[in-house]
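Notes follow once the structure below has been shown.
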Amino acid sequence: MAKTSGNKTAISPSRAEDYASWYQQVVREADMAELSGVRGCMVIKPNGYGIWEKMQEYLDKKFKETGHENCYFPLFIPISYFQKESDHVDGFAKEMAVVTHHRLKAADGKLIPDGELEEPLVVRPTSETVIGASMAKWIKSYRDLPVLINQWANVVRWEMRPRLLLRTAEFLWQEGHTAHETMEDAMAEARKMHDVYKDFAEEVLAMPVVSGEKPPHERFPGAVNTFTIEAMMQDGKALQAGTSHYLGQNFSKSFDIQFQNREGSGDFVHTTSWGVSTRLLGALVMTHADDNGLRVPPRVAPWHAVIVPVLRADADAKNVIDYCEALAKDISAQNYASQPIRVKVDKRDISGADKKWSWIKKGAPLIIEIGARDVEAQKVCVLRRDKLDDGKQFTECKEFVSSVSSVLQDIQQNLFNQAASFMASNTVEIKNKQEFIDYFKKEKTGFVRAKWSMDTASLSVLEELSVTVRCIPFDQKGDSGVCVLTGAPATLDTIFAKAY
């Protein structure tokens, strides 16, 4: 779906030629992540982790502003905990990594497992069960509620078809878990955190999303309601970018999380959980990258601006470096998004052209080249990563420094606008079943908005097309129509798509 200009670019193959290979090349050339020695596991490199840190920084602040506290729970969970919640274990059973032994011994020149555990331990796929066991000890009265906690951690889910940053056996995430007196309080919490994710995706990641609720067959295992934000990647496929769940009393009854209510009788708490993961790094690539590499929205860029000294044999190298460092100091004294602007002077002993292209591929929002002539003229040579085709812009140094914050905001907004325009132009409304089938059979991708009766018998049609129900969007039209799959009366607008 993505187009290419036909000019020679830094990434080969292009998006149009081979989207999957293009994605892998962008991740590699942007120095974000690489495969490890364990199948399905990855090494997140400094440029990728730097973006993740900025995501963490924003979300952690929002979580604390909404009353949550950070904590940590064990990586290993007794298998008996999962057996207490049947829907939950059914949802994760095929993805669980299980520890059965606690040591190794040498035999025939090899190390083999020894010391079988009395009870197998599951390597954390998610923490509802272990946190539920703790909440049962913490909560005795309505006075102990609400409990609002969050955990930054790693989780393990075996993947049959791993893909860097998007689906790996081990990944990083945050998982919020809360307990409340009433359904109303818990539901309000789940919706509030869903809104935090939506704002984060659109305002910080510059990634437009469709906001809605998952149908019953797509809910998180054990959830009563699952709320989601769905993003469109540049190949038109959907990616679930964040979810929030109202768990009802399912987990509190399984783990006996009871409290004395205000009337003096016993009751079970209502719980929620919500999370986003490092798959957002993959979403960032597939939303914003182009055929020259990554483009990072300034709000999550490890470096807002990178200064590249262009040193020539016949020039005063020290004078250029001094000018670059003074410029960096002036830029970093400015603020963007309530933080000092992050600026780096690249002093590596390689050519200026190689340095420039390495930062183009890494997606630095602003790349500033400084040579002896720029020093003499007191100017800067600026390249905007979001407008590479515009080429270099020469500006008076003082003028650039005073405007750099507004330039960064313009880049942020421009990236969002481009992604929003792409989503809008690749979202269609369909009312006819044959038209629906033909659309996806022709290998078209994008979001189809159509009426659906929520008849599960109709899902077989979707399976044949490798299409899923992404969500029931909150922005319903409210008019009546017919189900695009069954022809039965229907009022719910639904988003269908192929997905990651």
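Convention: chains lettered A, B, ... in structure tokens order; per-chain residue numbering from 1; ligands numbered from 1 as shown.
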
Residues of range 398-476 of chain A at most 10 Å from range 337-345 of chain A: nearest atom pair and distance in Å, only C-alpha atoms, as a tab-separated table:
residue	atom	partner	partner_atom	distance
A:Val404	CA	A:Ile341	CA	8.8
A:Ser405	CA	A:Ile341	CA	7.8
A:Leu408	CA	A:Ala337	CA	9.3
A:Gln409	CA	A:Ala337	CA	8.3

Write a file of the just-selected residues containing N, CA, C and O atoms, as a PDB file, in the first residue's frame.
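New file again37.pdb:
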ATOM      1  N   VAL A 404      13.652  26.450  17.457  1.00  0.00           N
ATOM      2  CA  VAL A 404      13.786  24.993  17.408  1.00  0.00           C
ATOM      3  C   VAL A 404      12.626  24.278  18.083  1.00  0.00           C
ATOM      4  O   VAL A 404      12.160  23.231  17.619  1.00  0.00           O
ATOM      5  N   SER A 405      12.094  24.830  19.166  1.00  0.00           N
ATOM      6  CA  SER A 405      10.967  24.182  19.845  1.00  0.00           C
ATOM      7  C   SER A 405       9.738  24.111  18.952  1.00  0.00           C
ATOM      8  O   SER A 405       9.069  23.071  18.857  1.00  0.00           O
ATOM      9  N   LEU A 408      10.209  21.496  16.216  1.00  0.00           N
ATOM     10  CA  LEU A 408       9.974  20.134  16.715  1.00  0.00           C
ATOM     11  C   LEU A 408       8.483  19.839  16.811  1.00  0.00           C
ATOM     12  O   LEU A 408       8.021  18.743  16.456  1.00  0.00           O
ATOM     13  N   GLN A 409       7.712  20.804  17.286  1.00  0.00           N
ATOM     14  CA  GLN A 409       6.266  20.592  17.386  1.00  0.00           C
ATOM     15  C   GLN A 409       5.649  20.445  16.001  1.00  0.00           C
ATOM     16  O   GLN A 409       4.714  19.648  15.797  1.00  0.00           O
TER      17      GLN A 409
END

Just want the 6 Å neighbourhood of Ala223 in chain A, counted on only C-alpha atoms, with same-chain residues fewer than 2 positions away dropped. Output as a PDB file with all heavy atoms, in the first residue's frame.
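Dumped to result.pdb:
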ATOM      1  N   PHE A 220      -9.705 -10.284  26.327  1.00  0.00           N
ATOM      2  CA  PHE A 220      -8.623 -10.852  27.125  1.00  0.00           C
ATOM      3  C   PHE A 220      -9.177 -12.028  27.931  1.00  0.00           C
ATOM      4  O   PHE A 220     -10.287 -11.940  28.471  1.00  0.00           O
ATOM      5  CB  PHE A 220      -8.084  -9.767  28.065  1.00  0.00           C
ATOM      6  CG  PHE A 220      -7.012 -10.216  29.008  1.00  0.00           C
ATOM      7  CD1 PHE A 220      -5.720 -10.415  28.571  1.00  0.00           C
ATOM      8  CD2 PHE A 220      -7.293 -10.416  30.355  1.00  0.00           C
ATOM      9  CE1 PHE A 220      -4.724 -10.798  29.448  1.00  0.00           C
ATOM     10  CE2 PHE A 220      -6.310 -10.810  31.239  1.00  0.00           C
ATOM     11  CZ  PHE A 220      -5.010 -11.007  30.784  1.00  0.00           C
ATOM     12  N   PRO A 221      -8.439 -13.148  28.021  1.00  0.00           N
ATOM     13  CA  PRO A 221      -8.947 -14.317  28.742  1.00  0.00           C
ATOM     14  C   PRO A 221      -9.338 -14.000  30.188  1.00  0.00           C
ATOM     15  O   PRO A 221      -8.508 -13.562  30.977  1.00  0.00           O
ATOM     16  CB  PRO A 221      -7.774 -15.298  28.691  1.00  0.00           C
ATOM     17  CG  PRO A 221      -7.020 -14.911  27.458  1.00  0.00           C
ATOM     18  CD  PRO A 221      -7.138 -13.422  27.381  1.00  0.00           C
ATOM     19  N   ASN A 225     -15.028  -7.148  29.939  1.00  0.00           N
ATOM     20  CA  ASN A 225     -14.941  -6.175  28.845  1.00  0.00           C
ATOM     21  C   ASN A 225     -13.475  -5.902  28.539  1.00  0.00           C
ATOM     22  O   ASN A 225     -12.662  -5.798  29.459  1.00  0.00           O
ATOM     23  CB  ASN A 225     -15.608  -4.848  29.199  1.00  0.00           C
ATOM     24  CG  ASN A 225     -17.068  -4.987  29.574  1.00  0.00           C
ATOM     25  OD1 ASN A 225     -17.386  -5.211  30.731  1.00  0.00           O
ATOM     26  ND2 ASN A 225     -17.952  -4.852  28.596  1.00  0.00           N
ATOM     27  N   TYR A 246     -11.878  -4.689  32.018  1.00  0.00           N
ATOM     28  CA  TYR A 246     -12.675  -4.821  33.234  1.00  0.00           C
ATOM     29  C   TYR A 246     -12.844  -6.315  33.463  1.00  0.00           C
ATOM     30  O   TYR A 246     -13.418  -7.025  32.632  1.00  0.00           O
ATOM     31  CB  TYR A 246     -14.031  -4.128  33.074  1.00  0.00           C
ATOM     32  CG  TYR A 246     -15.012  -4.500  34.167  1.00  0.00           C
ATOM     33  CD1 TYR A 246     -14.708  -4.289  35.512  1.00  0.00           C
ATOM     34  CD2 TYR A 246     -16.237  -5.085  33.861  1.00  0.00           C
ATOM     35  CE1 TYR A 246     -15.590  -4.646  36.520  1.00  0.00           C
ATOM     36  CE2 TYR A 246     -17.136  -5.436  34.852  1.00  0.00           C
ATOM     37  CZ  TYR A 246     -16.805  -5.222  36.177  1.00  0.00           C
ATOM     38  OH  TYR A 246     -17.685  -5.583  37.178  1.00  0.00           O
ATOM     39  N   LEU A 247     -12.317  -6.796  34.578  1.00  0.00           N
ATOM     40  CA  LEU A 247     -12.286  -8.237  34.857  1.00  0.00           C
ATOM     41  C   LEU A 247     -13.447  -8.703  35.716  1.00  0.00           C
ATOM     42  O   LEU A 247     -13.535  -9.892  36.052  1.00  0.00           O
ATOM     43  CB  LEU A 247     -10.958  -8.603  35.531  1.00  0.00           C
ATOM     44  CG  LEU A 247      -9.692  -8.223  34.757  1.00  0.00           C
ATOM     45  CD1 LEU A 247      -8.449  -8.526  35.572  1.00  0.00           C
ATOM     46  CD2 LEU A 247      -9.640  -8.937  33.409  1.00  0.00           C
TER      47      LEU A 247
END

Quiz item: If you count only C-alpha atoms, which residues fall within 7 Å of Val310 in chain A, apart from same-chain ones fewer than 5 positions away, as an MDAnalysis selection string?
Solution: chainID A and resid 352 369:371

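Distances here use only C-alpha atoms; by that measure, the residue among A:Arg219, A:Lys62, A:His270, A:Lys444 closest to Lys192 in chain A is A:Lys62.
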
Practice problem: Fewer than 5 positions away in the same chain doesn't count, so skip those; otherwise give me all residues within 6 Å of range 170-178 of chain A, counting only C-alpha atoms, as a ChimeraX atom specification. | Solution: /A:41,147-156,271-278

Quiz item: Out of A:Leu327, A:Ala419, A:Leu75, A:Leu104, which residue has the shortest atom-to-atom distance to His288 in chain A when counting only C-alpha atoms?
Solution: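 Checking each of A:Leu327, A:Ala419, A:Leu75, A:Leu104 against His288 in chain A, counting only C-alpha atoms, the winner is A:Ala419.
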
Quiz prompt | DSSP-assigned alpha helix (DSSP H) members of range 30-237 of chain A, reported as a ChimeraX atom specification | solution = /A:46-65,79-83,86-92,128-138,183-199

Quiz item: Given the choices A:Gln418, A:Ser466, A:Ser36, A:Asn261, which gets closest to Ala169 in chain A if the distance is worked out from only C-alpha atoms?
Solution: A:Ser36
